[in-house]
Amino acid sequence: MSPILPSERAELMQAARAVKGRSLWKDAQRRLFRNKAAVVSMAILAVLTVLAILAPLLSPYSYQVIDYALVSCAPPWWGGDPLCRATGAHWFGMDSVGRDLFIRTLYGARVSLAVGLVATTVSLLIGVLYGATAGFIGGRVDAAMMRFVDILYSLPFIFFVIILMVIFNRNFILMFVAIGAVEWLTMARIVRGQTLSIKQKEFIEAARAGGVGTFGIITCHVIPNVVGPVIVYVTLTIPAVILAESFLSFLGLGIQEPLTSWGVLISEGANTLETAPWMLLFPATFMAVTLFCFNFIGDGLRDALDPKER
Amino acid sequence: MLSYAIRRTLGAIPTLFLIITFAFFMMRIAPGGPFDGERRLPPEIEANINAAYNLDKPLYEQYFIYLGRLAQGDFGPSFKTKDFTVTEMIASGLPVSIKLGLTAIVLALLIGTFLGVFAALRQNRPADYSVMTIAMVGITIPTFVTAPLLTLLFGVYGVHIFGLDITLPVGGWNNGALRNMILPVIVLALPQIAVIARLTRGSMVEVLHSNYVRTARAKGLSSWRVVTRHAMRAGLLPLVSYLGPAIAGLATGSLIVEQIFGIPGIGRYFVQGALNRDYTLVLGVVIFYATLIILLNLVADILYRVLDPRVRYD
């Protein structure tokens with residue numbers, strides 16, 4: 001091999017620049033957008049989010065005003081022969097005290113999605129910080145920290161969340177924090193494992209040999225490689241959190257009237273299933289579809305970010 | 001092997017201790033007590049009651065009294081249900097919860113593994129996709145939706161299949177009669193079936209692509225033998241470690257199911273106790289469940305090491 005002359009070198013650099021590199025993220029994005037289930041799910045969730053945000057503008061009714069004339073009335077288009085039928089824009093019918101179910105379902109979406117996002121963010125912050133610290137420091141500190149996680153793992157946590165909700169009288173913020181504090185454990189394990197394995201990789205060594213500083217290595221090399229599994233787990237945590245909230249609401253420990261969540265609406269609807277099935281149908285469908293979408297996106301992301309698939 | 005088992009068992013003790021301490025003090029910082037009724041009690045009577053339940057002593061002293069009793073296997077008296085000890089209440093609910101939970105987990109294991117293996121053998125074909133879609137539905141629909149739906153379908157409307165008129169009781173336990181168990185067991189088992197099917201499919205797909213399975217096929221073994229003798233042995237291993245979390249899942253699921261179907265198990269006591277500030281009852285149930293989960297995790301871990309020769313016990 002002859003040495004590269006300066007003139008040739010400039011030419012080679014030119015040629016190298018002309019080749020358009022495909023980053024890990026571009027690749028993943030391309031694969032994700034080829035996954036039809038994931039794309040449809042993202043579209044549905046986007047629409048749902050917009051609906052939830054714009055809720056007060058979409059219906060002429062308020063989520064807390066009671067219309068005594070229309071208690072438990074069916075939607076205008078409902079088939080069969082219900083006891084009474086609402087008119088106008090009561091598209092989803094009325095609940096058992098005479099409030100519009102459409103606007104209440106959308107307000108439920110606000111609360112459920114907010115719980116999902118906030119609690120997941122809490123778990124993300126605690127989990128990533130904890131896991132990365134344990135993985136990065138390593139040794140005894142790591143062993144002690146992960147032993148603590150193991151101990152917490154074997155607690156029946158839903159029981160503690162229930163006790164917490166009873167003690168602090170269904171505090172809304174506390175519910176976010178409590179659920180988030182339950183969900184961070186898996187996140188910490190994932191991040192720690194990922195950090196540990198990445199620390200040993202050749203490309204980190206190469207970067208160090210190339211003169212990149214510690215901070216640069218963490219931001220440019222470690223984090224992008226940790227983020228993949230974390231994102232996947234986030235999309236799977238959100239539905240788990242929404243389910244946990246609805247579970248608490250079903251036991252009567254969730255959000256308080258007149259505000260509502262899907263869990264509250266579903267538990268109300270379950271009681272009137274025989275006489276007024278719409279009260280269960282709409283909130284349950286909204287929740288099931290949302291959980292479906294998050295799960296599909298999670299699966300899609302997992303496939304898209306899997307380096308083996310490249 | 002034995003030393004590993006002993007070490008793990010010893011390691012479980014501080015965990016349990018932590019749970020007891022945590023639960024005890026959390027319950028006590030709650031405002032309100034078990035004897036706050038609508039009517040204020042005369043101060044002398046209140047003082048007497050508090051003295052009878054040691055509530056007049058400082059909190060740390062109560063904690064040590066509780067620990068001391070617990071060490072002798074005594075969960076203490078229930079604060080709300082007069083004349084009953086917590087041990088008696090747990091003992092009366094336990095057989096019911098165990099019968100329900102065990103039936104559900106056995107059913108879930110059988111159906112879940114079958115569906116998972118079935119889907120893995122038809123990877124990326126319509127059968128696979130449909131099984132996995134159904135599993136996803138099972139995971140996303142909560143028990144408190146499936147329970148009323150099934151109740152309406154089988155209990156109120158009645159289902160007519162093959163000329164048979166199937167109507168099932170929608171509540172009560174009736175000493176564990178089969179008819180009364182069908183609906184609660186199905187509701188409890190459905191989410192577990194879904195999770196087990198997904199888990200099994202994932203690991204079976206991986207195993208079926210491995211070299212030793214290809215070798216077995218190349219030797220000319222029948223595909224039935226390859227699947228049951230070679231692939232399933234390794235493919236079903238992850239289920240062992242799922243055992244612990246599964247039992248925990250059943251416990252939380254049964255909170256709901258016992259409430260909906262009016263079944264006199266342990267789960268109901270917990271919710272009632274938490275709402276009534278029945279300190280000893282809630283503590284008793286939490287400690288009981290925690291012990292159960294820790295124990296099962298322990299068994300699962302040890303079993304895993306016994307079954308999987310690749311895991312070395314150091």
# chains A, B, ... in the order shown; residues from 1 in each chain; ligands from 1
>>> interface_residues(of="chain B", to="chain A", cutoff="6 Å", atoms="only C-alpha atoms", output="ChimeraX atom specification")
/B:15,30,140-141,148,290,294
>>> write_last_selection(atoms="N, CA, C and O atoms", output="short mmCIF file (atom, residue, chain, number, x, y, z; two decimals), in the first residue's frame")
data_model
loop_
_atom_site.label_atom_id
_atom_site.label_comp_id
_atom_site.auth_asym_id
_atom_site.auth_seq_id
_atom_site.Cartn_x
_atom_site.Cartn_y
_atom_site.Cartn_z
N THR B 15 -35.56 -8.45 53.33
CA THR B 15 -36.61 -7.93 52.45
C THR B 15 -37.95 -7.93 53.18
O THR B 15 -38.67 -6.93 53.19
N ALA B 30 -51.24 7.64 58.54
CA ALA B 30 -52.53 8.02 57.98
C ALA B 30 -53.33 8.79 59.01
O ALA B 30 -53.37 8.43 60.17
N THR B 140 -54.77 -5.77 27.01
CA THR B 140 -55.22 -4.39 27.11
C THR B 140 -56.59 -4.24 27.76
O THR B 140 -56.91 -3.15 28.23
N ILE B 141 -57.42 -5.27 27.78
CA ILE B 141 -58.74 -5.11 28.38
C ILE B 141 -58.68 -5.51 29.84
O ILE B 141 -58.38 -6.65 30.17
N PRO B 148 -67.82 -7.72 33.96
CA PRO B 148 -69.23 -7.42 33.70
C PRO B 148 -69.71 -7.89 32.34
O PRO B 148 -70.86 -8.31 32.20
N ALA B 290 -46.82 -10.59 50.59
CA ALA B 290 -45.40 -10.35 50.33
C ALA B 290 -44.59 -11.63 50.55
O ALA B 290 -43.74 -11.99 49.74
N ILE B 294 -42.44 -13.47 47.71
CA ILE B 294 -41.00 -13.70 47.90
C ILE B 294 -40.67 -15.19 47.82
O ILE B 294 -39.73 -15.61 47.15
#
>>> residues_around(residues="B:Ile98", least_positions_apart="4", cutoff="10 Å", atoms="only C-alpha atoms", output="list in words")
Gly93, Leu94, Leu102, Thr103, Ala104, Ala251, Gly265 and Ile266 of chain B
>>> select_by_dssp(residues="stretch 97-239 of chain B", states="strand (DSSP E or B)", output="ChimeraX atom specification")
/B:159-161,164-166
>>> residues_around(residues="A:Gly180", least_positions_apart="3", cutoff="8 Å", atoms="only C-alpha atoms", output="list in words")
Val118, Ala119, Thr120, Thr121, Val122, Ser123, Phe176, Val177, Glu183, Trp184 and Val241 of chain A
>>> select_by_dssp(residues="stretch 55-235 of chain B", states="helix (DSSP H, G or I)", output="ChimeraX atom specification")
/B:59-71,86-121,126-140,143-157,174-176,178-208,211-218,223-235
>>> closest_residue(among="A:Ser7, A:Gly228, A:Phe172, A:Arg30", to="A:Leu248", atoms="only C-alpha atoms")
A:Phe172
>>> closest_residue(among="A:Leu83, A:Ile217, A:Leu124, A:Val161", to="B:Met27", atoms="only C-alpha atoms")
A:Val161
>>> residues_around(residues="A:Ala28", least_positions_apart="2", cutoff="8 Å", atoms="only C-alpha atoms", output="PyMOL selection string")
chain A and resi 24-26+30-32+301+304-305
>>> atom_distance(atom1="atom CA of B:Arg268", atom2="atom CA of B:Gly155")
22.0 Å
>>> closest_residue(among="B:Leu150, B:Leu2, B:Ala177, B:Leu275", to="B:Ile263", atoms="only C-alpha atoms")
B:Ala177
>>> residues_around(residues="stretch 188-202 of chain B", least_positions_apart="5", cutoff="9 Å", atoms="only C-alpha atoms", output="ChimeraX atom specification")
/B:100-101,103-121,123,131-132,134-143,146-147,183,207,235-239,242,246,249-250,253-254,257
>>> atom_distance(atom1="atom CA of A:Ala55", atom2="atom CA of A:Ile242")
19.3 Å
>>> closest_residue(among="A:Glu205, A:Glu8, A:Asp142, A:Glu245", to="A:Ala188", atoms="only C-alpha atoms")
A:Asp142
>>> residues_around(residues="A:Val222", least_positions_apart="6", cutoff="10 Å", atoms="only C-alpha atoms", output="PyMOL selection string")
chain A and resi 132+194-199+201+203-204+215-216
>>> write_last_selection(atoms="C-alpha atoms", output="mmCIF file, in the first residue's frame")
data_model
loop_
_atom_site.group_PDB
_atom_site.id
_atom_site.type_symbol
_atom_site.label_atom_id
_atom_site.label_comp_id
_atom_site.auth_asym_id
_atom_site.auth_seq_id
_atom_site.Cartn_x
_atom_site.Cartn_y
_atom_site.Cartn_z
ATOM 1 C CA ALA A 132 -26.935 4.965 34.686
ATOM 2 C CA GLN A 194 -27.297 -1.303 28.871
ATOM 3 C CA THR A 195 -24.739 1.080 30.373
ATOM 4 C CA LEU A 196 -22.668 -1.825 31.655
ATOM 5 C CA SER A 197 -22.486 -3.552 28.287
ATOM 6 C CA ILE A 198 -21.861 -0.368 26.347
ATOM 7 C CA LYS A 199 -19.009 0.669 28.610
ATOM 8 C CA LYS A 201 -17.732 -1.931 23.647
ATOM 9 C CA PHE A 203 -16.501 1.833 19.743
ATOM 10 C CA ILE A 204 -16.200 3.459 23.157
ATOM 11 C CA PHE A 215 -18.606 13.858 28.543
ATOM 12 C CA GLY A 216 -18.494 13.491 24.767
#
>>> residues_around(residues="stretch 189-193 of chain A", least_positions_apart="4", cutoff="9 Å", atoms="only C-alpha atoms", output="list in words")
Gly127, Val128, Leu129, Tyr130, Gly131, Ala132, Thr133, Ala134, Gly135, Phe136, Asp142, Met146, Val149, Trp184, Leu185, Ser197, Ile198, Val226, Val227, Pro229, Val230 and Tyr233 of chain A
>>> decode(residues="stretch 59-77 of chain A", atoms="N, CA, C and O atoms", output="PDB file, in the first residue's frame")
ATOM      1  N   SER A  59     -67.636  20.177  22.101  1.00  0.00           N
ATOM      2  CA  SER A  59     -69.002  19.848  22.480  1.00  0.00           C
ATOM      3  C   SER A  59     -69.643  21.076  23.105  1.00  0.00           C
ATOM      4  O   SER A  59     -68.988  21.837  23.808  1.00  0.00           O
ATOM      5  N   PRO A  60     -70.930  21.301  22.830  1.00  0.00           N
ATOM      6  CA  PRO A  60     -71.614  22.453  23.439  1.00  0.00           C
ATOM      7  C   PRO A  60     -71.875  22.255  24.928  1.00  0.00           C
ATOM      8  O   PRO A  60     -72.299  23.180  25.601  1.00  0.00           O
ATOM      9  N   TYR A  61     -71.612  21.036  25.450  1.00  0.00           N
ATOM     10  CA  TYR A  61     -71.971  20.759  26.837  1.00  0.00           C
ATOM     11  C   TYR A  61     -70.741  20.817  27.730  1.00  0.00           C
ATOM     12  O   TYR A  61     -69.616  20.721  27.284  1.00  0.00           O
ATOM     13  N   SER A  62     -71.013  20.953  29.033  1.00  0.00           N
ATOM     14  CA  SER A  62     -69.930  20.961  30.003  1.00  0.00           C
ATOM     15  C   SER A  62     -69.810  19.578  30.621  1.00  0.00           C
ATOM     16  O   SER A  62     -70.785  18.829  30.666  1.00  0.00           O
ATOM     17  N   TYR A  63     -68.597  19.264  31.110  1.00  0.00           N
ATOM     18  CA  TYR A  63     -68.411  17.923  31.674  1.00  0.00           C
ATOM     19  C   TYR A  63     -69.041  17.784  33.042  1.00  0.00           C
ATOM     20  O   TYR A  63     -69.163  16.697  33.571  1.00  0.00           O
ATOM     21  N   GLN A  64     -69.453  18.928  33.669  1.00  0.00           N
ATOM     22  CA  GLN A  64     -69.990  18.796  35.021  1.00  0.00           C
ATOM     23  C   GLN A  64     -71.422  19.289  35.185  1.00  0.00           C
ATOM     24  O   GLN A  64     -71.971  19.191  36.274  1.00  0.00           O
ATOM     25  N   VAL A  65     -72.004  19.836  34.109  1.00  0.00           N
ATOM     26  CA  VAL A  65     -73.377  20.326  34.244  1.00  0.00           C
ATOM     27  C   VAL A  65     -74.357  19.166  34.087  1.00  0.00           C
ATOM     28  O   VAL A  65     -74.242  18.355  33.178  1.00  0.00           O
ATOM     29  N   ILE A  66     -75.297  19.084  35.014  1.00  0.00           N
ATOM     30  CA  ILE A  66     -76.236  17.967  35.051  1.00  0.00           C
ATOM     31  C   ILE A  66     -77.549  18.384  34.407  1.00  0.00           C
ATOM     32  O   ILE A  66     -78.072  19.465  34.670  1.00  0.00           O
ATOM     33  N   ASP A  67     -78.053  17.513  33.522  1.00  0.00           N
ATOM     34  CA  ASP A  67     -79.355  17.754  32.906  1.00  0.00           C
ATOM     35  C   ASP A  67     -80.317  16.695  33.442  1.00  0.00           C
ATOM     36  O   ASP A  67     -80.304  15.553  33.000  1.00  0.00           O
ATOM     37  N   TYR A  68     -81.134  17.089  34.424  1.00  0.00           N
ATOM     38  CA  TYR A  68     -81.964  16.098  35.118  1.00  0.00           C
ATOM     39  C   TYR A  68     -82.981  15.435  34.197  1.00  0.00           C
ATOM     40  O   TYR A  68     -83.463  14.354  34.481  1.00  0.00           O
ATOM     41  N   ALA A  69     -83.304  16.088  33.091  1.00  0.00           N
ATOM     42  CA  ALA A  69     -84.303  15.516  32.184  1.00  0.00           C
ATOM     43  C   ALA A  69     -83.725  14.357  31.386  1.00  0.00           C
ATOM     44  O   ALA A  69     -84.462  13.562  30.814  1.00  0.00           O
ATOM     45  N   LEU A  70     -82.400  14.261  31.342  1.00  0.00           N
ATOM     46  CA  LEU A  70     -81.790  13.285  30.434  1.00  0.00           C
ATOM     47  C   LEU A  70     -80.954  12.233  31.170  1.00  0.00           C
ATOM     48  O   LEU A  70     -80.003  11.688  30.620  1.00  0.00           O
ATOM     49  N   VAL A  71     -81.307  11.915  32.410  1.00  0.00           N
ATOM     50  CA  VAL A  71     -80.525  10.940  33.178  1.00  0.00           C
ATOM     51  C   VAL A  71     -80.521   9.580  32.483  1.00  0.00           C
ATOM     52  O   VAL A  71     -81.576   9.062  32.124  1.00  0.00           O
ATOM     53  N   SER A  72     -79.324   9.029  32.271  1.00  0.00           N
ATOM     54  CA  SER A  72     -79.150   7.704  31.653  1.00  0.00           C
ATOM     55  C   SER A  72     -79.819   7.574  30.292  1.00  0.00           C
ATOM     56  O   SER A  72     -80.325   6.511  29.957  1.00  0.00           O
ATOM     57  N   CYS A  73     -79.831   8.641  29.496  1.00  0.00           N
ATOM     58  CA  CYS A  73     -80.469   8.541  28.184  1.00  0.00           C
ATOM     59  C   CYS A  73     -79.481   8.041  27.133  1.00  0.00           C
ATOM     60  O   CYS A  73     -78.285   8.297  27.199  1.00  0.00           O
ATOM     61  N   ALA A  74     -80.017   7.321  26.165  1.00  0.00           N
ATOM     62  CA  ALA A  74     -79.211   6.730  25.108  1.00  0.00           C
ATOM     63  C   ALA A  74     -78.783   7.808  24.116  1.00  0.00           C
ATOM     64  O   ALA A  74     -79.403   8.863  24.034  1.00  0.00           O
ATOM     65  N   PRO A  75     -77.710   7.539  23.354  1.00  0.00           N
ATOM     66  CA  PRO A  75     -77.345   8.464  22.276  1.00  0.00           C
ATOM     67  C   PRO A  75     -78.486   8.567  21.264  1.00  0.00           C
ATOM     68  O   PRO A  75     -79.271   7.637  21.139  1.00  0.00           O
ATOM     69  N   PRO A  76     -78.568   9.678  20.521  1.00  0.00           N
ATOM     70  CA  PRO A  76     -79.674   9.858  19.573  1.00  0.00           C
ATOM     71  C   PRO A  76     -79.769   8.746  18.530  1.00  0.00           C
ATOM     72  O   PRO A  76     -80.860   8.402  18.087  1.00  0.00           O
ATOM     73  N   TRP A  77     -78.613   8.198  18.156  1.00  0.00           N
ATOM     74  CA  TRP A  77     -78.598   7.233  17.056  1.00  0.00           C
ATOM     75  C   TRP A  77     -78.700   5.808  17.551  1.00  0.00           C
ATOM     76  O   TRP A  77     -78.591   4.857  16.775  1.00  0.00           O
TER      77      TRP A  77
END
